[in-house]
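Just coords-v3.txt here, compact mmCIF, C-alpha atoms:
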# COMPACT_ATOMS: atom_id res chain seq x y z
CA MET A 1 0.00 0.00 0.00
CA ASP A 2 1.79 3.11 -1.29
CA VAL A 3 0.24 5.78 0.94
CA PRO A 4 2.26 8.77 -0.43
CA ALA A 5 1.34 7.88 -4.02
CA MET A 6 -2.32 7.48 -3.09
CA ALA A 7 -2.28 10.81 -1.29
CA SER A 8 -0.70 12.53 -4.27
CA GLU A 9 -3.21 11.05 -6.70
CA ALA A 10 -6.17 11.83 -4.46
CA GLY A 11 -4.93 15.39 -4.02
CA ARG A 12 -4.55 15.87 -7.78
CA ILE A 13 -8.07 14.61 -8.48
CA LEU A 14 -9.66 16.59 -5.67
CA LEU A 15 -7.98 19.83 -6.65
CA GLU A 16 -9.52 19.42 -10.11
CA GLN A 17 -12.93 18.20 -8.90
CA PRO A 18 -13.60 19.21 -5.27
CA VAL A 19 -16.12 17.10 -3.38
CA VAL A 20 -18.50 17.99 -0.57
CA VAL A 21 -16.98 16.59 2.60
CA SER A 22 -20.19 16.57 4.61
CA THR A 23 -21.97 14.23 2.13
CA ALA A 24 -19.74 12.19 -0.16
CA LEU A 25 -16.89 11.48 2.25
CA GLU A 26 -19.14 10.79 5.20
CA ALA A 27 -21.18 8.26 3.21
CA ALA A 28 -18.01 6.55 1.96
CA LEU A 29 -16.41 6.38 5.39
CA ARG A 30 -19.57 5.09 7.06
CA SER A 31 -19.74 2.33 4.46
CA ILE A 32 -16.10 1.50 5.09
CA ALA A 33 -16.70 1.44 8.85
CA GLU A 34 -19.52 -1.08 8.40
CA ASP A 35 -17.30 -3.35 6.32
CA VAL A 36 -14.49 -3.03 8.88
CA ASN A 37 -16.84 -3.91 11.75
CA HIS A 38 -18.04 -7.00 9.89
CA ARG A 39 -14.47 -7.89 8.93
CA ARG A 40 -15.12 -7.71 5.20
CA GLU A 41 -11.94 -5.78 4.49
CA THR A 42 -10.63 -5.89 0.92
CA PRO A 43 -7.59 -4.18 -0.58
CA ALA A 44 -9.81 -1.97 -2.72
CA MET A 45 -11.92 -0.96 0.27
CA MET A 46 -8.90 -0.12 2.37
CA GLN A 47 -7.40 1.91 -0.45
CA ALA A 48 -10.70 3.76 -0.74
CA SER A 49 -10.62 4.34 2.99
CA CYS A 50 -7.16 5.89 2.83
CA ALA A 51 -8.13 7.98 -0.18
CA CYS A 52 -11.21 9.29 1.64
CA VAL A 53 -9.12 10.32 4.62
CA VAL A 54 -6.66 12.13 2.39
CA ALA A 55 -9.53 13.73 0.49
CA MET A 56 -11.11 14.98 3.67
CA MET A 57 -7.87 16.47 4.94
CA ILE A 58 -7.30 18.29 1.65
CA THR A 59 -10.82 19.55 0.98
CA ALA A 60 -12.11 20.27 4.49
CA PRO A 61 -10.49 23.73 4.81
CA HIS A 62 -11.89 24.79 1.43
CA ASP A 63 -15.33 23.14 1.51
CA ALA A 64 -18.28 25.54 1.76
CA GLY A 65 -20.33 23.10 3.85
CA VAL A 66 -17.53 22.64 6.35
CA ARG A 67 -16.95 26.39 6.58
CA ALA A 68 -20.64 27.01 7.26
CA ALA A 69 -20.77 24.27 9.89
CA ALA A 70 -17.57 25.54 11.52
CA ALA A 71 -18.95 29.07 11.74
CA ALA A 72 -22.09 27.76 13.49
CA ASP A 73 -20.43 25.24 15.81
CA PRO A 74 -16.62 24.98 15.50
CA LYS A 75 -16.10 22.53 18.33
CA ARG A 76 -18.66 20.01 17.10
CA THR A 77 -17.51 20.30 13.48
CA GLY A 78 -13.90 19.65 14.46
CA LEU A 79 -14.91 16.56 16.47
CA GLN A 80 -16.97 15.24 13.55
CA LEU A 81 -14.09 15.66 11.11
CA TRP A 82 -11.73 13.91 13.52
CA SER A 83 -14.24 11.07 13.96
CA LEU A 84 -14.46 10.58 10.20
CA ALA A 85 -10.68 10.62 9.86
CA THR A 86 -10.15 8.03 12.60
CA THR A 87 -12.78 5.77 11.02
CA GLY A 88 -10.81 5.63 7.78
CA LEU A 89 -7.46 5.29 9.54
CA LYS A 90 -8.70 2.30 11.54
CA GLY A 91 -9.50 0.57 8.28
CA CYS A 92 -6.04 1.37 6.90
CA VAL A 93 -4.33 0.01 10.02
CA ARG A 94 -6.34 -3.24 9.96
CA PHE A 95 -5.56 -3.85 6.31
CA ALA A 96 -1.86 -3.08 6.74
CA GLU A 97 -1.59 -5.38 9.76
CA ALA A 98 -3.47 -8.23 8.07
CA ASN A 99 -1.92 -8.04 4.62
CA GLY A 100 1.32 -6.11 4.98
CA SER A 101 4.88 -7.32 5.05
CA LEU A 102 7.74 -6.16 7.26
CA ALA A 103 8.29 -3.29 4.85
CA ASP A 104 4.84 -1.93 5.75
CA TRP A 105 5.54 -1.48 9.45
CA ASP A 106 6.60 2.13 8.93
CA THR A 107 3.22 2.77 7.35
CA ILE A 108 1.43 0.98 10.19
CA LEU A 109 3.27 2.98 12.84
CA MET A 110 2.60 6.22 10.97
CA LEU A 111 -1.13 5.48 10.73
CA ARG A 112 -1.29 4.45 14.38
CA GLY A 113 0.44 7.68 15.33
CA PHE A 114 -2.13 9.75 13.45
CA LEU A 115 -4.95 7.67 14.92
CA HIS A 116 -3.98 8.11 18.55
CA LEU A 117 -2.36 11.56 18.46
CA GLY A 118 -5.46 13.61 19.25
CA VAL A 119 -6.71 11.35 22.06
CA SER A 120 -3.27 10.98 23.63
CA MET A 121 -2.69 14.75 23.72
CA VAL A 122 -6.01 15.43 25.45
CA LEU A 123 -5.45 12.45 27.76
CA LEU A 124 -2.03 13.80 28.73
CA ALA A 125 -3.55 17.17 29.60
CA PHE A 126 -6.26 15.40 31.63
CA ILE A 127 -3.65 13.46 33.61
CA HIS A 128 -1.71 16.66 34.28
CA VAL A 129 -4.83 18.37 35.62
CA MET A 130 -5.58 15.33 37.81
CA VAL A 131 -2.06 15.56 39.26
CA MET A 132 -2.65 19.23 40.04
CA ILE A 133 -5.95 18.58 41.80
CA PHE A 134 -5.05 15.49 43.83
CA VAL A 135 -1.33 16.12 44.44
CA GLY A 136 -0.80 19.85 43.97
CA PHE A 137 -3.79 21.17 45.90
CA GLY A 138 -3.66 18.26 48.35
CA PHE A 139 -0.10 18.85 49.51
CA LEU A 140 -0.39 22.65 49.33
CA MET A 141 -3.01 22.42 52.09
CA THR A 142 -0.77 20.42 54.43
CA PHE A 143 0.86 23.60 55.75
CA LEU A 144 -1.27 23.51 58.95
CA LYS A 145 0.89 21.73 61.51
CA ARG A 146 -2.07 19.96 63.21
CA TYR A 147 -4.20 19.34 60.12
CA SER A 148 -1.90 17.90 57.45
CA TYR A 149 -3.34 14.38 57.33
CA SER A 150 -6.92 15.64 57.31
CA ALA A 151 -6.16 18.25 54.65
CA VAL A 152 -4.71 15.83 52.10
CA ALA A 153 -7.37 13.18 52.84
CA LEU A 154 -10.28 15.63 52.59
CA ASN A 155 -8.82 17.02 49.38
CA PHE A 156 -8.80 13.47 47.99
CA LEU A 157 -12.39 12.74 49.06
CA LEU A 158 -13.94 16.07 48.11
CA SER A 159 -12.21 16.20 44.71
CA ALA A 160 -13.58 12.77 43.84
CA LEU A 161 -17.04 13.83 45.03
CA ALA A 162 -16.95 17.07 43.04
CA MET A 163 -15.90 15.27 39.85
CA THR A 164 -18.59 12.62 40.24
CA VAL A 165 -21.37 15.13 40.86
CA TYR A 166 -20.20 17.34 37.99
CA LEU A 167 -20.27 14.45 35.52
CA LEU A 168 -23.98 14.07 36.35
CA VAL A 169 -25.02 17.69 36.84
CA GLY A 170 -22.62 19.34 34.39
CA GLY A 171 -23.17 16.63 31.80
CA ALA A 172 -26.95 17.04 32.07
CA ILE A 173 -26.69 20.83 31.75
CA GLN A 174 -24.33 20.68 28.77
CA GLN A 175 -26.12 17.94 26.85
CA PHE A 176 -29.80 18.09 27.87
CA LEU A 177 -30.85 21.28 29.66
CA TRP A 178 -28.60 23.91 28.09
CA PRO A 179 -26.71 22.60 25.04
CA GLU A 180 -24.22 24.69 23.12
CA ASP A 181 -25.47 27.14 20.51
CA GLY A 182 -26.70 25.40 17.40
CA ARG A 183 -26.80 21.92 18.95
CA PRO A 184 -30.13 20.19 19.60
CA PRO A 185 -30.69 18.79 23.11
CA LYS A 186 -29.76 15.15 23.46
CA SER A 187 -32.02 12.49 24.90
CA GLY A 188 -31.13 9.35 26.78
CA LYS A 189 -27.79 8.93 28.52
CA ILE A 190 -25.01 11.38 29.29
CA GLU A 191 -22.14 10.87 26.85
CA LEU A 192 -18.77 10.82 28.59
CA ASP A 193 -15.73 12.16 26.77
CA LEU A 194 -12.36 13.63 27.71
CA PRO A 195 -13.49 17.28 27.50
CA LEU A 196 -16.28 16.54 29.99
CA LEU A 197 -13.82 14.75 32.29
CA ILE A 198 -11.47 17.74 32.12
CA ASP A 199 -14.40 20.04 32.94
CA ALA A 200 -15.04 17.83 35.97
CA THR A 201 -11.44 18.26 37.15
CA PHE A 202 -11.80 22.04 36.71
CA CYS A 203 -14.89 21.88 38.91
CA ALA A 204 -12.92 19.93 41.51
CA GLY A 205 -10.26 22.65 41.33
CA ALA A 206 -12.84 25.34 42.12
CA ALA A 207 -14.14 23.24 45.01
CA MET A 208 -10.64 22.79 46.42
CA ILE A 209 -10.06 26.54 46.24
CA SER A 210 -13.21 26.93 48.33
CA LEU A 211 -11.91 24.28 50.72
CA GLY A 212 -8.81 26.40 51.33
CA ALA A 213 -10.93 29.20 52.76
CA VAL A 214 -12.53 26.99 55.43
CA LEU A 215 -9.69 24.52 56.01
CA GLY A 216 -9.62 23.46 59.65
CA LYS A 217 -12.79 25.43 60.47
CA ALA A 218 -15.50 23.12 59.10
CA SER A 219 -16.35 19.51 59.87
CA PRO A 220 -16.15 16.83 57.14
CA GLY A 221 -19.95 16.76 57.02
CA GLN A 222 -20.13 20.50 56.44
CA LEU A 223 -17.50 20.23 53.71
CA LEU A 224 -19.47 17.49 51.94
CA TRP A 225 -22.57 19.67 51.90
CA MET A 226 -20.50 22.63 50.70
CA VAL A 227 -19.26 20.65 47.68
CA LEU A 228 -22.71 19.27 46.89
CA LEU A 229 -24.09 22.81 46.88
CA GLU A 230 -21.18 24.33 44.98
CA VAL A 231 -21.01 21.96 42.00
CA PRO A 232 -24.44 22.79 40.46
CA ILE A 233 -23.84 26.53 40.96
CA TYR A 234 -20.40 26.17 39.37
CA ALA A 235 -21.89 24.35 36.35
CA LEU A 236 -24.52 27.07 35.84
CA ASN A 237 -21.95 29.84 36.30
CA GLN A 238 -19.69 28.14 33.75
CA LYS A 239 -22.48 28.14 31.15
CA LEU A 240 -23.24 31.80 31.87
CA VAL A 241 -19.61 32.86 31.54
CA PHE A 242 -18.87 31.03 28.31
CA ASP A 243 -22.21 30.65 26.48
CA VAL A 244 -24.19 33.72 27.54
CA PHE A 245 -21.56 36.39 28.18
CA LYS A 246 -19.05 34.83 25.72
CA ALA A 247 -16.24 35.76 28.11
CA LEU A 248 -12.58 35.31 27.16
CA ASP A 249 -11.59 33.09 30.09
CA ILE A 250 -9.50 30.18 28.79
CA GLY A 251 -7.48 29.83 31.99
CA GLY A 252 -10.54 30.06 34.23
CA SER A 253 -9.57 33.28 36.04
CA MET A 254 -13.24 34.14 36.58
CA SER A 255 -15.09 30.84 36.22
CA ILE A 256 -12.71 28.77 38.38
CA HIS A 257 -10.38 30.88 40.52
CA ALA A 258 -12.53 33.89 41.38
CA PHE A 259 -15.68 31.76 41.69
CA GLY A 260 -14.04 29.16 43.94
CA ALA A 261 -12.38 31.83 46.10
CA TYR A 262 -15.45 33.95 46.76
CA PHE A 263 -17.75 30.96 47.20
CA GLY A 264 -15.36 29.62 49.84
CA LEU A 265 -15.05 33.03 51.50
CA ALA A 266 -18.84 33.29 51.71
CA VAL A 267 -18.96 29.89 53.40
CA ALA A 268 -16.14 30.90 55.75
CA MET A 269 -18.13 33.93 56.91
CA PHE A 270 -20.83 31.56 58.21
CA VAL A 271 -18.95 28.50 59.50
CA ALA A 272 -15.73 30.02 60.91
CA CYS A 273 -16.21 30.51 64.63
CA GLU A 274 -14.93 33.44 66.68
CA GLY A 275 -11.23 33.19 67.54
CA SER A 276 -10.33 30.83 64.69
CA GLY A 277 -8.34 33.44 62.77
CA SER A 278 -4.61 33.93 62.35
CA SER A 279 -4.08 34.36 66.11
CA HIS A 280 -5.26 30.82 66.90
CA ALA A 281 -2.49 28.58 68.26
CA LYS A 282 -3.19 25.82 65.73
CA ASN A 283 -3.49 28.16 62.74
CA GLY A 284 0.15 27.98 61.76
CA ALA A 285 2.82 25.88 60.11
CA SER A 286 5.80 23.89 61.28
CA TYR A 287 9.10 23.26 59.53
CA ASN A 288 7.95 19.87 58.22
CA SER A 289 4.47 21.03 57.16
CA ASP A 290 6.00 23.92 55.20
CA ILE A 291 8.18 21.45 53.31
CA THR A 292 5.25 19.23 52.34
CA ALA A 293 3.26 22.32 51.31
CA MET A 294 6.13 23.34 49.02
CA ILE A 295 5.77 19.99 47.26
CA GLY A 296 2.22 21.03 46.33
CA THR A 297 3.47 24.43 45.16
CA ILE A 298 6.09 22.88 42.89
CA PHE A 299 3.58 20.45 41.37
CA LEU A 300 1.11 23.26 40.70
CA PHE A 301 3.87 25.42 39.23
CA ILE A 302 4.97 22.68 36.82
CA PHE A 303 1.53 21.55 35.65
CA TRP A 304 -0.28 24.90 35.52
CA PRO A 305 0.33 25.35 31.75
CA SER A 306 -1.55 22.08 31.16
CA PHE A 307 -4.36 23.28 33.42
CA ASN A 308 -4.79 26.47 31.41
CA GLY A 309 -4.21 24.88 28.01
CA ALA A 310 -6.17 21.63 28.48
CA LEU A 311 -9.22 22.72 26.51
CA ALA A 312 -7.71 25.70 24.72
CA SER A 313 -7.80 24.65 21.09
CA ASN A 314 -7.96 26.51 17.82
CA PRO A 315 -11.66 27.29 17.29
CA ASP A 316 -11.21 27.89 13.56
CA VAL A 317 -10.96 24.51 11.86
CA THR A 318 -10.51 26.18 8.49
CA THR A 319 -7.02 27.43 9.25
CA GLU A 320 -3.90 25.34 9.02
CA ALA A 321 -2.03 27.19 11.77
CA PRO A 322 -1.14 24.61 14.45
CA ALA A 323 -3.21 25.17 17.61
CA GLN A 324 -2.57 28.88 17.91
CA THR A 325 -4.82 29.44 20.91
CA GLN A 326 -3.31 26.60 22.91
CA PHE A 327 0.20 27.71 22.02
CA PHE A 328 -0.44 31.28 23.18
CA CYS A 329 -2.15 30.02 26.34
CA VAL A 330 0.72 27.73 27.33
CA VAL A 331 3.44 30.28 26.56
CA ASN A 332 1.65 33.08 28.43
CA THR A 333 1.09 30.78 31.42
CA VAL A 334 4.78 29.87 31.60
CA LEU A 335 5.80 33.52 31.34
CA SER A 336 3.25 34.53 33.97
CA LEU A 337 4.45 31.86 36.40
CA LEU A 338 8.03 32.99 35.97
CA GLY A 339 7.02 36.62 36.52
CA ALA A 340 4.88 35.78 39.56
CA CYS A 341 7.69 33.74 41.09
CA LEU A 342 10.22 36.55 40.73
CA SER A 343 7.76 39.15 41.94
CA ALA A 344 6.62 37.11 44.95
CA PHE A 345 10.19 36.52 46.17
CA ALA A 346 11.11 40.19 45.71
CA CYS A 347 7.97 41.54 47.40
CA SER A 348 8.17 39.07 50.28
CA ALA A 349 11.73 40.13 51.06
CA ALA A 350 10.81 43.81 50.68
CA PHE A 351 7.76 43.70 52.95
CA GLU A 352 8.98 41.28 55.63
CA GLY A 353 12.75 41.76 55.49
CA LYS A 354 13.05 38.03 54.81
CA LEU A 355 11.35 35.34 52.76
CA ASP A 356 7.98 34.23 54.15
CA MET A 357 6.99 30.66 53.27
CA VAL A 358 3.30 31.60 53.04
CA HIS A 359 4.13 34.06 50.26
CA ILE A 360 6.46 31.61 48.49
CA GLN A 361 3.95 28.75 48.63
CA ASN A 362 1.06 30.79 47.25
CA ALA A 363 1.92 34.11 45.58
CA THR A 364 4.37 32.40 43.20
CA LEU A 365 1.36 30.75 41.52
CA ALA A 366 -0.49 33.96 40.61
CA GLY A 367 -0.11 35.00 36.98
CA GLY A 368 -1.32 36.22 33.57
CA ALA A 369 1.36 37.10 30.99
CA LEU A 370 4.92 38.13 31.95
CA VAL A 371 4.05 41.70 32.97
CA ILE A 372 0.67 40.62 34.34
CA GLY A 373 2.40 37.82 36.24
CA LEU A 374 4.79 40.30 37.83
CA LEU A 375 1.85 42.48 38.87
CA ALA A 376 -0.25 39.53 40.03
CA GLY A 377 2.59 38.21 42.18
CA ALA A 378 2.97 41.63 43.78
CA ILE A 379 -0.80 41.97 44.32
CA SER A 380 -1.01 38.52 45.87
CA THR A 381 1.92 39.17 48.23
CA CYS A 382 0.47 42.55 49.24
CA GLY A 383 -2.81 40.82 49.94
CA TYR A 384 -1.15 38.41 52.37
CA VAL A 385 0.80 41.16 54.10
CA LYS A 386 -1.72 44.02 54.20
CA LEU A 387 -5.22 43.02 53.15
CA SER A 388 -5.82 39.75 55.01
CA PRO A 389 -5.19 41.24 58.49
CA LYS A 390 -7.45 44.18 57.63
CA LEU A 391 -10.32 41.96 56.46
CA GLU A 392 -10.03 39.75 59.54
CA SER A 393 -10.10 42.68 61.96
CA CYS A 394 -12.80 44.66 60.13
CA ILE A 395 -15.36 42.09 58.95
CA GLY A 396 -14.17 38.90 60.64
CA LEU A 397 -13.12 37.16 57.42
CA ARG A 398 -10.97 34.19 58.46
CA ASP A 399 -9.29 32.83 55.32
CA THR A 400 -7.13 29.85 56.29
CA CYS A 401 -5.17 29.39 53.06
CA GLY A 402 -5.46 32.96 51.85
CA VAL A 403 -7.51 32.00 48.77
CA HIS A 404 -8.61 35.62 48.45
CA ASN A 405 -5.00 36.61 47.82
CA LEU A 406 -4.01 33.63 45.67
CA HIS A 407 -7.17 33.09 43.62
CA GLY A 408 -9.65 35.90 44.28
CA LEU A 409 -7.60 39.03 43.63
CA PRO A 410 -5.51 37.51 40.77
CA GLY A 411 -8.71 36.06 39.30
CA VAL A 412 -10.39 39.46 39.20
CA PHE A 413 -7.19 41.02 37.89
CA GLY A 414 -6.94 38.33 35.19
CA GLY A 415 -10.57 38.87 34.21
CA LEU A 416 -9.99 42.59 33.78
CA ALA A 417 -6.85 41.90 31.73
CA ALA A 418 -8.80 39.44 29.54
CA ALA A 419 -11.54 42.05 29.03
CA LEU A 420 -8.90 44.51 27.88
CA ALA A 421 -7.31 41.95 25.58
CA SER A 422 -10.67 41.04 24.03
CA VAL A 423 -11.23 44.58 22.74
CA LEU A 424 -7.75 44.95 21.24
CA PRO A 425 -7.34 44.12 17.54
CA ALA A 426 -5.86 40.66 17.10
CA GLU A 427 -3.35 42.03 14.62
CA LYS A 428 -1.92 44.31 17.32
CA MET A 429 -1.80 41.57 19.95
CA PHE A 430 -0.08 38.98 17.76
CA GLU A 431 1.66 41.09 15.15
CA ASP A 432 5.04 39.48 15.93
CA SER A 433 3.67 35.94 16.06
CA VAL A 434 4.88 33.37 13.55
CA PHE A 435 1.43 31.76 13.56
CA TRP A 436 -0.29 35.05 12.81
CA ALA A 437 2.15 35.70 9.96
CA GLU A 438 1.35 32.27 8.52
CA CYS A 439 -2.38 33.02 8.64
CA GLU A 440 -1.86 36.35 6.89
CA GLU A 441 0.22 34.70 4.18
CA GLU A 442 -2.46 32.06 3.64
CA GLU A 443 -5.20 34.69 3.39
CA GLU A 444 -3.16 36.74 0.90
CA ALA A 445 -2.48 33.64 -1.22
CA GLU A 446 -6.14 32.66 -1.20
CA HIS A 447 -7.18 36.19 -2.12
CA SER A 448 -4.72 36.35 -5.03
CA THR A 449 -5.95 32.95 -6.25
CA GLN A 450 -9.55 34.17 -6.24
CA LEU A 451 -8.55 37.27 -8.20
Please go through the file and, once you have read it, give me the structure as structure tokens.
Amino acid sequence: MDVPAMASEAGRILLEQPVVVSTALEAALRSIAEDVNHRRETPAMMQASCACVVAMMITAPHDAGVRAAAAADPKRTGLQLWSLATTGLKGCVRFAEANGSLADWDTILMLRGFLHLGVSMVLLAFIHVMVMIFVGFGFLMTFLKRYSYSAVALNFLLSALAMTVYLLVGGAIQQFLWPEDGRPPKSGKIELDLPLLIDATFCAGAAMISLGAVLGKASPGQLLWMVLLEVPIYALNQKLVFDVFKALDIGGSMSIHAFGAYFGLAVAMFVACEGSGSSHAKNGASYNSDITAMIGTIFLFIFWPSFNGALASNPDVTTEAPAQTQFFCVVNTVLSLLGACLSAFACSAAFEGKLDMVHIQNATLAGGALVIGLLAGAISTCGYVKLSPKLESCIGLRDTCGVHNLHGLPGVFGGLAAALASVLPAEKMFEDSVFWAECEEEEEAEHSTQL
């Protein structure tokens, strides 16, 4: 099976006689899938399968039907195209394995790589977010010298509970009660996929931020009820932020960090008893608990780019630029973390005359872009030094982990920065970007071809 020759021939034919991807290719691939499922593979059918995949890849960016569908629902259109591609590739792999010789193993490995690339990348991001939730947040909360075991265990339990409840509630809201624009409501069972699982881990992250506000001040029973109440409100707030207000919030500054922080602070105002603030004898760290908390900080620092970039994908399936949005998200997150780290260390030494482990464990994780990360780290450190004591003395706000300084203030600051970025022309924001230059070159070439 000469895949390059088939691709070249299919490309030549399709450039002369373009086909409609949404009809001809789908019908062909569905027929191939039926033959593959019934194990009626033939060389001709497998060659047709490969040709259909190549045809779809070539014609999809230029097909009017695909462009119209992508404009109405880019996420769903991209998933459909990927589903059609994997259907054909499965047929190619089966034929190559059944009928190929040793010389065909390069082809088999290449096809398997294409087949599993998309799933493996999303799965890797999902695993990274899971590590953040269960290891990063869990160990970050072990800083209390008399509550370390309970903190990591409750983080484990409540994260699992939040994810489970979100799969039911969030899945029902997304698929039945309030589907995405242009998608009809589903009926029957909730369909589980990796994006929904990642959404569930994001929900667990918001719940663990709320846990930080009441850590050591609420009983396990109260915490269970807090999570059960928070998850449905989080799911509704998420739909409002993204589907109603169309907010630019890829990293979850508003929907995850600010929401989780202020929900937890509201709970803390009701459940935290008098005298349980910073002056309490047990509200402090020891040498060993600070070390274990730093483990959580390092894990969060390393995996935060995956957290922000897990579901950040290129919404425009008609462009050939490689995952621009995710690239920008990951790069900006890394720069922001570096800026926040430098700023937190500098501000901690400036305000306290020495490095404070509370500032190092938390303020180093605030961020945005490089400049925004520098500012966010300074804002977070100032919050720990100046604002937290004021809020505790004035309104009785007892914030155990300082989530207002780590998540609340940086979340609001990040939301304002995103609002500013959303009104700036994209050309000005990314004028030095290689990806943006590629898009401009493609548009100019297409325009000259039309002329």
Show which residues sit within 9 Å of A:Tyr147, as a ChimeraX atom specification. Count only C-alpha atoms, and ignore same-chain residues fewer than 4 positions away.
/A:141-143,151-152,215-216,282
Please write the residues from the selection above to a file, keeping C-alpha atoms, as a tab-separated table (two decimals), in the coordinates of the input.
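Written file, result31.tsv:
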chain	number	residue	atom	x	y	z
A	141	MET	CA	-3.01	22.42	52.09
A	142	THR	CA	-0.77	20.42	54.43
A	143	PHE	CA	0.86	23.60	55.75
A	151	ALA	CA	-6.16	18.25	54.65
A	152	VAL	CA	-4.71	15.83	52.10
A	215	LEU	CA	-9.69	24.52	56.01
A	216	GLY	CA	-9.62	23.46	59.65
A	282	LYS	CA	-3.19	25.82	65.73
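The space separating atom CA of A:Gly221 from atom CA of A:Val271 comes to 12.0 Å.
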Given all atoms listed in the file as the counted atoms, nearest of A:Ala172, A:Gly411, A:Phe134, A:Lys217 to A:Met269
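For A:Met269, the nearest of the given residues is A:Lys217.
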Do a neighbour search on A:Ala285 at 12 Å with only C-alpha atoms, toss out local chain neighbours closer than 6 positions, and write the hits as a list in words.
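These residues fall inside the cut-off: Leu140, Met141, Thr142, Phe143, Leu144, Lys145, Arg146, Tyr147, Ser148, Ser278, Ile291, Thr292, Ala293, Met294, Asp356, Met357, Val358, Gln361, Thr400 and Cys401 of chain A.
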May I have the residues from that selection written out with C-alpha atoms, as a PDB file, keeping the file's coordinate frame?
ATOM      1  CA  LEU A 140      -0.390  22.650  49.330  1.00  0.00           C
ATOM      2  CA  MET A 141      -3.010  22.420  52.090  1.00  0.00           C
ATOM      3  CA  THR A 142      -0.770  20.420  54.430  1.00  0.00           C
ATOM      4  CA  PHE A 143       0.860  23.600  55.750  1.00  0.00           C
ATOM      5  CA  LEU A 144      -1.270  23.510  58.950  1.00  0.00           C
ATOM      6  CA  LYS A 145       0.890  21.730  61.510  1.00  0.00           C
ATOM      7  CA  ARG A 146      -2.070  19.960  63.210  1.00  0.00           C
ATOM      8  CA  TYR A 147      -4.200  19.340  60.120  1.00  0.00           C
ATOM      9  CA  SER A 148      -1.900  17.900  57.450  1.00  0.00           C
ATOM     10  CA  SER A 278      -4.610  33.930  62.350  1.00  0.00           C
ATOM     11  CA  ILE A 291       8.180  21.450  53.310  1.00  0.00           C
ATOM     12  CA  THR A 292       5.250  19.230  52.340  1.00  0.00           C
ATOM     13  CA  ALA A 293       3.260  22.320  51.310  1.00  0.00           C
ATOM     14  CA  MET A 294       6.130  23.340  49.020  1.00  0.00           C
ATOM     15  CA  ASP A 356       7.980  34.230  54.150  1.00  0.00           C
ATOM     16  CA  MET A 357       6.990  30.660  53.270  1.00  0.00           C
ATOM     17  CA  VAL A 358       3.300  31.600  53.040  1.00  0.00           C
ATOM     18  CA  GLN A 361       3.950  28.750  48.630  1.00  0.00           C
ATOM     19  CA  THR A 400      -7.130  29.850  56.290  1.00  0.00           C
ATOM     20  CA  CYS A 401      -5.170  29.390  53.060  1.00  0.00           C
TER      21      CYS A 401
END
Determine the nearest neighbour of A:Leu228 from the options A:Leu192, A:Ala310, A:Ala417, A:Leu158, counting all atoms listed in the file.
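Nearest to A:Leu228: A:Leu158.
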How many Å separate atom CA of A:Ala153 from atom CA of A:Leu300?
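About the pair atom CA of A:Ala153 and atom CA of A:Leu300: they are 17.9 Å apart.
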Which of A:Ser219, A:Asn288, A:Thr297, A:Gln174 sits closest to A:Leu236 [using all atoms listed in the file]
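Of all the options, A:Gln174 lies closest to A:Leu236.
Distances here use only C-alpha atoms; by that measure, the residue among A:Gly260, A:Pro195, A:Gly353, A:Pro179 closest to A:Leu240 is A:Pro179.
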In terms of the shortest atom-to-atom distance over only C-alpha atoms, which of A:Val267, A:Ile302, A:Ala366, A:Val231 is closest to A:Ser159?
A:Val231
Could you give me, as a ChimeraX atom specification, the residues that have an atom at most 9 Å away from the point (-18.2, 28.3, 38.9) in the coordinates of the file, using only C-alpha atoms?
/A:203,206-207,230-239,241,254-260,263
Just how far from atom CA of A:Ser150 is atom CA of A:Val165, in Å to one decimal?
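Atom CA of A:Val165 sits 21.9 Å away from atom CA of A:Ser150.
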A:Ile379 surroundings by all atoms listed in the file, 8 Å radius, close-in-sequence under 2 positions cut, as a tab-separated table (two decimals) with C-alpha atoms, in the frame of the given file:
chain	number	residue	atom	x	y	z
A	375	LEU	CA	1.85	42.48	38.87
A	376	ALA	CA	-0.25	39.53	40.03
A	377	GLY	CA	2.59	38.21	42.18
A	381	THR	CA	1.92	39.17	48.23
A	382	CYS	CA	0.47	42.55	49.24
A	383	GLY	CA	-2.81	40.82	49.94
A	405	ASN	CA	-5.00	36.61	47.82
A	409	LEU	CA	-7.60	39.03	43.63
A	410	PRO	CA	-5.51	37.51	40.77
Give the answer as one residue: which of A:Val131, A:Ala266, A:Val122, A:Leu154 has the shortest atom-to-atom distance to A:Ile198, using only C-alpha atoms?
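Among the listed residues, the smallest separation from A:Ile198 belongs to A:Val122.
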Pull C-alpha atoms for stretch 405-418 of chain A from the block and write them as a PDB file, in the first residue's frame.
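Dumped everything to result24.pdb:
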ATOM      1  CA  ASN A 405      -5.002  36.615  47.819  1.00  0.00           C
ATOM      2  CA  LEU A 406      -4.006  33.632  45.667  1.00  0.00           C
ATOM      3  CA  HIS A 407      -7.172  33.090  43.620  1.00  0.00           C
ATOM      4  CA  GLY A 408      -9.650  35.904  44.279  1.00  0.00           C
ATOM      5  CA  LEU A 409      -7.597  39.025  43.625  1.00  0.00           C
ATOM      6  CA  PRO A 410      -5.509  37.515  40.774  1.00  0.00           C
ATOM      7  CA  GLY A 411      -8.709  36.058  39.305  1.00  0.00           C
ATOM      8  CA  VAL A 412     -10.388  39.462  39.203  1.00  0.00           C
ATOM      9  CA  PHE A 413      -7.191  41.017  37.887  1.00  0.00           C
ATOM     10  CA  GLY A 414      -6.936  38.329  35.189  1.00  0.00           C
ATOM     11  CA  GLY A 415     -10.566  38.872  34.215  1.00  0.00           C
ATOM     12  CA  LEU A 416      -9.986  42.586  33.777  1.00  0.00           C
ATOM     13  CA  ALA A 417      -6.851  41.895  31.730  1.00  0.00           C
ATOM     14  CA  ALA A 418      -8.803  39.443  29.542  1.00  0.00           C
TER      15      ALA A 418
END
